[in-house]
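Let me begin by presenting the structure, written as structure tokens, before commenting on it.
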Amino acid sequence: MKTIIVATDFSSAAKNAAEYAAAMALSLNANLHLLHVYEIPVVYMEVPIATTEADMAESSEELMKELKEGLMSKTGNKVKIETGVKIGSFFSELEAVCESIEPYAVVMGSQGTTAAVRLLFGSHTVYAMKHLIWPLITVPQGAKFSAIRKIGLACDFDDVDSTIPVDEIKTLLWDFNAELYVLNTGKHREFNPEIIFGSARLRGKLKGVIIHDHFITNDDVDEGIMEFTEKNQI
């Protein structure tokens, strides 16, 4: 059975991400695991909770119960939901839960406006994007799950065999009946044998998948990727 982990801090962005994940779980016939990690000393949270460790644990459990009940109601009690409230380092605890559950994906909320002016992710989300080895979906504020039809892969075509998680990508594409948009971007758009070889190698490993190749130029690689995803509704 697939399990989607939702990391939450009970903020409005995190609640929206949890609702997105619940709708996705319903579509995939998957389970949900809601995870909240609180730290001592207290870090800023949009939802104010108590500051002593015992009170924080109690408050976190209450907020988690409310979140679970809300998601159960929205999904008509058709999604199995488990919860976990832990104390410690956010990423370490998230990583430990992932290793135990082996999730289909991890879902986290993000804040911001549009890709053109950049998304302002929370620090935990940014760190997880850079270091988590499990599939991670970041959900912008206000985004609602309907269907995933276009999945993007930003790729420099360097050492495709060891750097591209082919099996995971295929699973996502097949589960959602989606198409893959492969994006290569840089400051200078010069084709070279390495890129040509890497592109062909990737296509060979992703046989049976509909692939759209795009090569763009942008002085800021991150900005180029986000503008492309917004324009093409990835």
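If you're wondering about the labels, chains in the structure tokens are A, B, ... by order shown, residues count from 1 in each chain, ligands from 1 in order shown.
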**OP:** List every residue of chain A that DSSP, applied to the backbone of this structure, places in alpha helix (DSSP H), and write the result as an NGL selection string.
**Re:** :A and (12-28 or 53-74 or 90-101 or 123-131 or 160-163 or 166-176 or 193-205 or 221-231)
Subject >> Selection: 12 Å around segment 161-163 of chain A, only C-alpha atoms, excl. self and same-chain fewer than 4 positions, as a ChimeraX atom specification >> reply: /A:133,153-157,167,197-206
Please produce a file of those selected residues containing N, CA and C atoms, as a JSON list (two decimals), in the first residue's frame.
[["chain", "number", "residue", "atom", "x", "y", "z"],
["A", 133, "ILE", "N", 16.22, 12.10, 0.18],
["A", 133, "ILE", "CA", 16.37, 11.21, -0.97],
["A", 133, "ILE", "C", 15.04, 10.65, -1.44],
["A", 153, "LEU", "N", 11.44, 17.46, -15.28],
["A", 153, "LEU", "CA", 12.73, 16.98, -14.81],
["A", 153, "LEU", "C", 13.80, 17.94, -15.28],
["A", 154, "ALA", "N", 14.38, 18.69, -14.35],
["A", 154, "ALA", "CA", 15.51, 19.57, -14.67],
["A", 154, "ALA", "C", 16.77, 18.71, -14.67],
["A", 155, "CYS", "N", 17.48, 18.68, -15.78],
["A", 155, "CYS", "CA", 18.58, 17.72, -15.94],
["A", 155, "CYS", "C", 19.74, 18.35, -16.69],
["A", 156, "ASP", "N", 20.97, 18.12, -16.20],
["A", 156, "ASP", "CA", 22.15, 18.61, -16.92],
["A", 156, "ASP", "C", 22.77, 17.52, -17.80],
["A", 157, "PHE", "N", 22.14, 16.33, -17.77],
["A", 157, "PHE", "CA", 22.57, 15.17, -18.58],
["A", 157, "PHE", "C", 23.99, 14.71, -18.24],
["A", 167, "ASP", "N", 13.34, 4.65, -11.98],
["A", 167, "ASP", "CA", 12.19, 3.85, -11.53],
["A", 167, "ASP", "C", 11.14, 4.73, -10.86],
["A", 197, "PHE", "N", 24.63, 13.02, -25.93],
["A", 197, "PHE", "CA", 24.74, 11.64, -25.46],
["A", 197, "PHE", "C", 23.86, 11.42, -24.24],
["A", 198, "GLY", "N", 23.91, 12.36, -23.29],
["A", 198, "GLY", "CA", 23.12, 12.21, -22.07],
["A", 198, "GLY", "C", 21.64, 12.20, -22.34],
["A", 199, "SER", "N", 21.19, 13.07, -23.26],
["A", 199, "SER", "CA", 19.79, 13.11, -23.62],
["A", 199, "SER", "C", 19.34, 11.79, -24.24],
["A", 200, "ALA", "N", 20.16, 11.25, -25.13],
["A", 200, "ALA", "CA", 19.83, 9.97, -25.77],
["A", 200, "ALA", "C", 19.83, 8.84, -24.74],
["A", 201, "ARG", "N", 20.78, 8.91, -23.80],
["A", 201, "ARG", "CA", 20.87, 7.88, -22.76],
["A", 201, "ARG", "C", 19.62, 7.90, -21.88],
["A", 202, "LEU", "N", 19.16, 9.10, -21.53],
["A", 202, "LEU", "CA", 17.97, 9.23, -20.69],
["A", 202, "LEU", "C", 16.74, 8.68, -21.42],
["A", 203, "ARG", "N", 16.61, 9.00, -22.69],
["A", 203, "ARG", "CA", 15.48, 8.48, -23.46],
["A", 203, "ARG", "C", 15.51, 6.96, -23.51],
["A", 204, "GLY", "N", 16.69, 6.41, -23.63],
["A", 204, "GLY", "CA", 16.81, 4.95, -23.65],
["A", 204, "GLY", "C", 16.37, 4.30, -22.36],
["A", 205, "LYS", "N", 16.64, 4.96, -21.22],
["A", 205, "LYS", "CA", 16.26, 4.41, -19.92],
["A", 205, "LYS", "C", 14.79, 4.63, -19.62],
["A", 206, "LEU", "N", 14.16, 5.57, -20.33],
["A", 206, "LEU", "CA", 12.75, 5.88, -20.08],
["A", 206, "LEU", "C", 11.87, 5.46, -21.26]]
Original post:
When distances are computed from only C-alpha atoms, which of A:Ala21, A:Ala14, A:Met108, A:Ile216 shows the smallest separation from Met129 of chain A?
Top reply: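 Of all the options, A:Met108 lies closest to Met129 of chain A.
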Which of segment 21-155 of chain A DSSP labels strand (DSSP E or B), written as a tab-separated table (two decimals) with N, CA and C atoms, in the first residue's frame:
chain	number	residue	atom	x	y	z
A	31	ASN	N	-2.40	5.65	1.62
A	31	ASN	CA	-2.56	6.07	3.00
A	31	ASN	C	-1.84	7.39	3.23
A	32	LEU	N	-2.20	8.06	4.32
A	32	LEU	CA	-1.51	9.28	4.74
A	32	LEU	C	-0.84	9.07	6.09
A	33	HIS	N	0.32	9.68	6.25
A	33	HIS	CA	0.98	9.72	7.57
A	33	HIS	C	1.31	11.17	7.84
A	34	LEU	N	0.63	11.76	8.81
A	34	LEU	CA	0.85	13.15	9.18
A	34	LEU	C	1.96	13.22	10.23
A	35	LEU	N	2.95	14.07	9.98
A	35	LEU	CA	4.09	14.19	10.89
A	35	LEU	C	4.32	15.63	11.30
A	36	HIS	N	4.41	15.84	12.62
A	36	HIS	CA	4.79	17.14	13.15
A	36	HIS	C	5.98	16.95	14.07
A	37	VAL	N	7.00	17.77	13.86
A	37	VAL	CA	8.19	17.74	14.71
A	37	VAL	C	8.34	19.10	15.37
A	38	TYR	N	8.37	19.12	16.69
A	38	TYR	CA	8.60	20.39	17.39
A	38	TYR	C	9.97	20.35	18.04
A	81	ILE	N	-5.53	7.38	7.75
A	81	ILE	CA	-4.60	8.43	8.18
A	81	ILE	C	-3.98	8.06	9.52
A	82	GLU	N	-2.66	8.04	9.56
A	82	GLU	CA	-1.92	7.85	10.81
A	82	GLU	C	-1.19	9.15	11.13
A	83	THR	N	-0.86	9.33	12.40
A	83	THR	CA	-0.21	10.57	12.81
A	83	THR	C	1.02	10.28	13.67
A	84	GLY	N	1.91	11.26	13.70
A	84	GLY	CA	3.09	11.16	14.54
A	84	GLY	C	3.52	12.54	14.99
A	85	VAL	N	3.71	12.72	16.28
A	85	VAL	CA	4.22	13.98	16.84
A	85	VAL	C	5.52	13.66	17.54
A	86	LYS	N	6.60	14.32	17.12
A	86	LYS	CA	7.91	14.00	17.66
A	86	LYS	C	8.64	15.27	18.07
A	87	ILE	N	9.59	15.11	18.98
A	87	ILE	CA	10.45	16.21	19.38
A	87	ILE	C	11.85	15.93	18.87
A	105	ALA	N	5.71	9.34	-1.46
A	105	ALA	CA	6.17	10.72	-1.59
A	105	ALA	C	6.04	11.42	-0.25
A	106	VAL	N	6.77	12.51	-0.10
A	106	VAL	CA	6.64	13.40	1.05
A	106	VAL	C	6.04	14.71	0.53
A	107	VAL	N	5.06	15.24	1.24
A	107	VAL	CA	4.42	16.48	0.83
A	107	VAL	C	4.64	17.54	1.90
A	108	MET	N	5.06	18.73	1.46
A	108	MET	CA	5.26	19.85	2.37
A	108	MET	C	4.71	21.11	1.74
A	109	GLY	N	4.31	22.06	2.56
A	109	GLY	CA	3.78	23.32	2.06
A	109	GLY	C	4.89	24.31	1.77
A	110	SER	N	4.62	25.22	0.85
A	110	SER	CA	5.55	26.30	0.56
A	110	SER	C	4.76	27.58	0.47
A	111	GLN	N	5.45	28.69	0.65
A	111	GLN	CA	4.78	29.98	0.60
A	111	GLN	C	5.40	30.81	-0.50
A	112	GLY	N	4.60	31.70	-1.09
A	112	GLY	CA	5.13	32.56	-2.14
A	112	GLY	C	4.01	33.01	-3.04
A	119	LEU	N	9.51	31.42	-5.45
A	119	LEU	CA	8.75	30.92	-4.30
A	119	LEU	C	9.60	31.07	-3.06
A	120	LEU	N	8.99	31.52	-1.98
A	120	LEU	CA	9.71	31.70	-0.73
A	120	LEU	C	9.41	30.51	0.18
A	136	LEU	N	9.83	14.32	-3.10
A	136	LEU	CA	9.29	15.42	-2.30
A	136	LEU	C	8.44	16.32	-3.17
A	137	ILE	N	7.21	16.57	-2.75
A	137	ILE	CA	6.31	17.47	-3.45
A	137	ILE	C	6.07	18.68	-2.58
A	138	THR	N	6.42	19.88	-3.07
A	138	THR	CA	6.16	21.10	-2.32
A	138	THR	C	4.93	21.77	-2.93
A	139	VAL	N	3.99	22.14	-2.09
A	139	VAL	CA	2.70	22.64	-2.55
A	139	VAL	C	2.58	24.13	-2.23
A	140	PRO	N	2.49	24.98	-3.26
A	140	PRO	CA	2.33	26.42	-3.01
A	140	PRO	C	0.99	26.72	-2.35
A	150	LYS	N	1.52	16.79	-16.23
A	150	LYS	CA	2.85	17.16	-16.72
A	150	LYS	C	3.84	17.13	-15.55
A	151	ILE	N	4.88	16.36	-15.71
A	151	ILE	CA	5.92	16.28	-14.68
A	151	ILE	C	7.24	16.76	-15.28
A	152	GLY	N	7.93	17.65	-14.58
A	152	GLY	CA	9.16	18.22	-15.09
A	152	GLY	C	10.40	17.59	-14.47
A	153	LEU	N	11.44	17.46	-15.28
A	153	LEU	CA	12.73	16.98	-14.81
A	153	LEU	C	13.80	17.94	-15.28
A	154	ALA	N	14.38	18.69	-14.35
A	154	ALA	CA	15.51	19.57	-14.67
A	154	ALA	C	16.77	18.71	-14.67
Subject >> Test item: residues at most 12 Å from segment 69-74 of chain A, only C-alpha atoms, excluding those fewer than 2 positions along its chain, as number ranges by chain >> reply: A: 6, 15-26, 31-34, 62-67, 76-83
Go ahead and write the selection's residues with C-alpha atoms as an mmCIF file, in the first residue's frame.
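What ended up in out.cif:
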data_model
loop_
_atom_site.group_PDB
_atom_site.id
_atom_site.type_symbol
_atom_site.label_atom_id
_atom_site.label_comp_id
_atom_site.auth_asym_id
_atom_site.auth_seq_id
_atom_site.Cartn_x
_atom_site.Cartn_y
_atom_site.Cartn_z
ATOM 1 C CA VAL A 6 2.756 15.014 5.134
ATOM 2 C CA LYS A 15 -2.797 22.779 6.067
ATOM 3 C CA ASN A 16 -3.270 23.453 2.369
ATOM 4 C CA ALA A 17 -0.489 20.970 1.570
ATOM 5 C CA ALA A 18 -2.164 18.360 3.775
ATOM 6 C CA GLU A 19 -5.460 18.821 1.930
ATOM 7 C CA TYR A 20 -3.576 18.497 -1.374
ATOM 8 C CA ALA A 21 -1.937 15.277 -0.157
ATOM 9 C CA ALA A 22 -5.257 13.888 1.050
ATOM 10 C CA ALA A 23 -6.826 14.448 -2.365
ATOM 11 C CA MET A 24 -3.808 12.809 -3.982
ATOM 12 C CA ALA A 25 -4.047 9.848 -1.607
ATOM 13 C CA LEU A 26 -7.713 9.446 -2.479
ATOM 14 C CA ASN A 31 -2.562 6.066 3.004
ATOM 15 C CA LEU A 32 -1.511 9.282 4.738
ATOM 16 C CA HIS A 33 0.977 9.719 7.567
ATOM 17 C CA LEU A 34 0.853 13.150 9.184
ATOM 18 C CA GLU A 62 -4.500 18.488 19.840
ATOM 19 C CA LEU A 63 -3.670 20.352 16.645
ATOM 20 C CA MET A 64 -2.790 17.051 14.971
ATOM 21 C CA LYS A 65 -6.119 15.564 16.027
ATOM 22 C CA GLU A 66 -7.961 18.539 14.528
ATOM 23 C CA LEU A 67 -5.999 18.256 11.292
ATOM 24 C CA GLY A 76 -15.286 10.970 3.325
ATOM 25 C CA ASN A 77 -13.285 8.721 5.661
ATOM 26 C CA LYS A 78 -11.954 6.893 2.594
ATOM 27 C CA VAL A 79 -8.265 7.518 3.348
ATOM 28 C CA LYS A 80 -6.458 5.779 6.186
ATOM 29 C CA ILE A 81 -4.601 8.430 8.182
ATOM 30 C CA GLU A 82 -1.916 7.853 10.806
ATOM 31 C CA THR A 83 -0.211 10.572 12.815
#
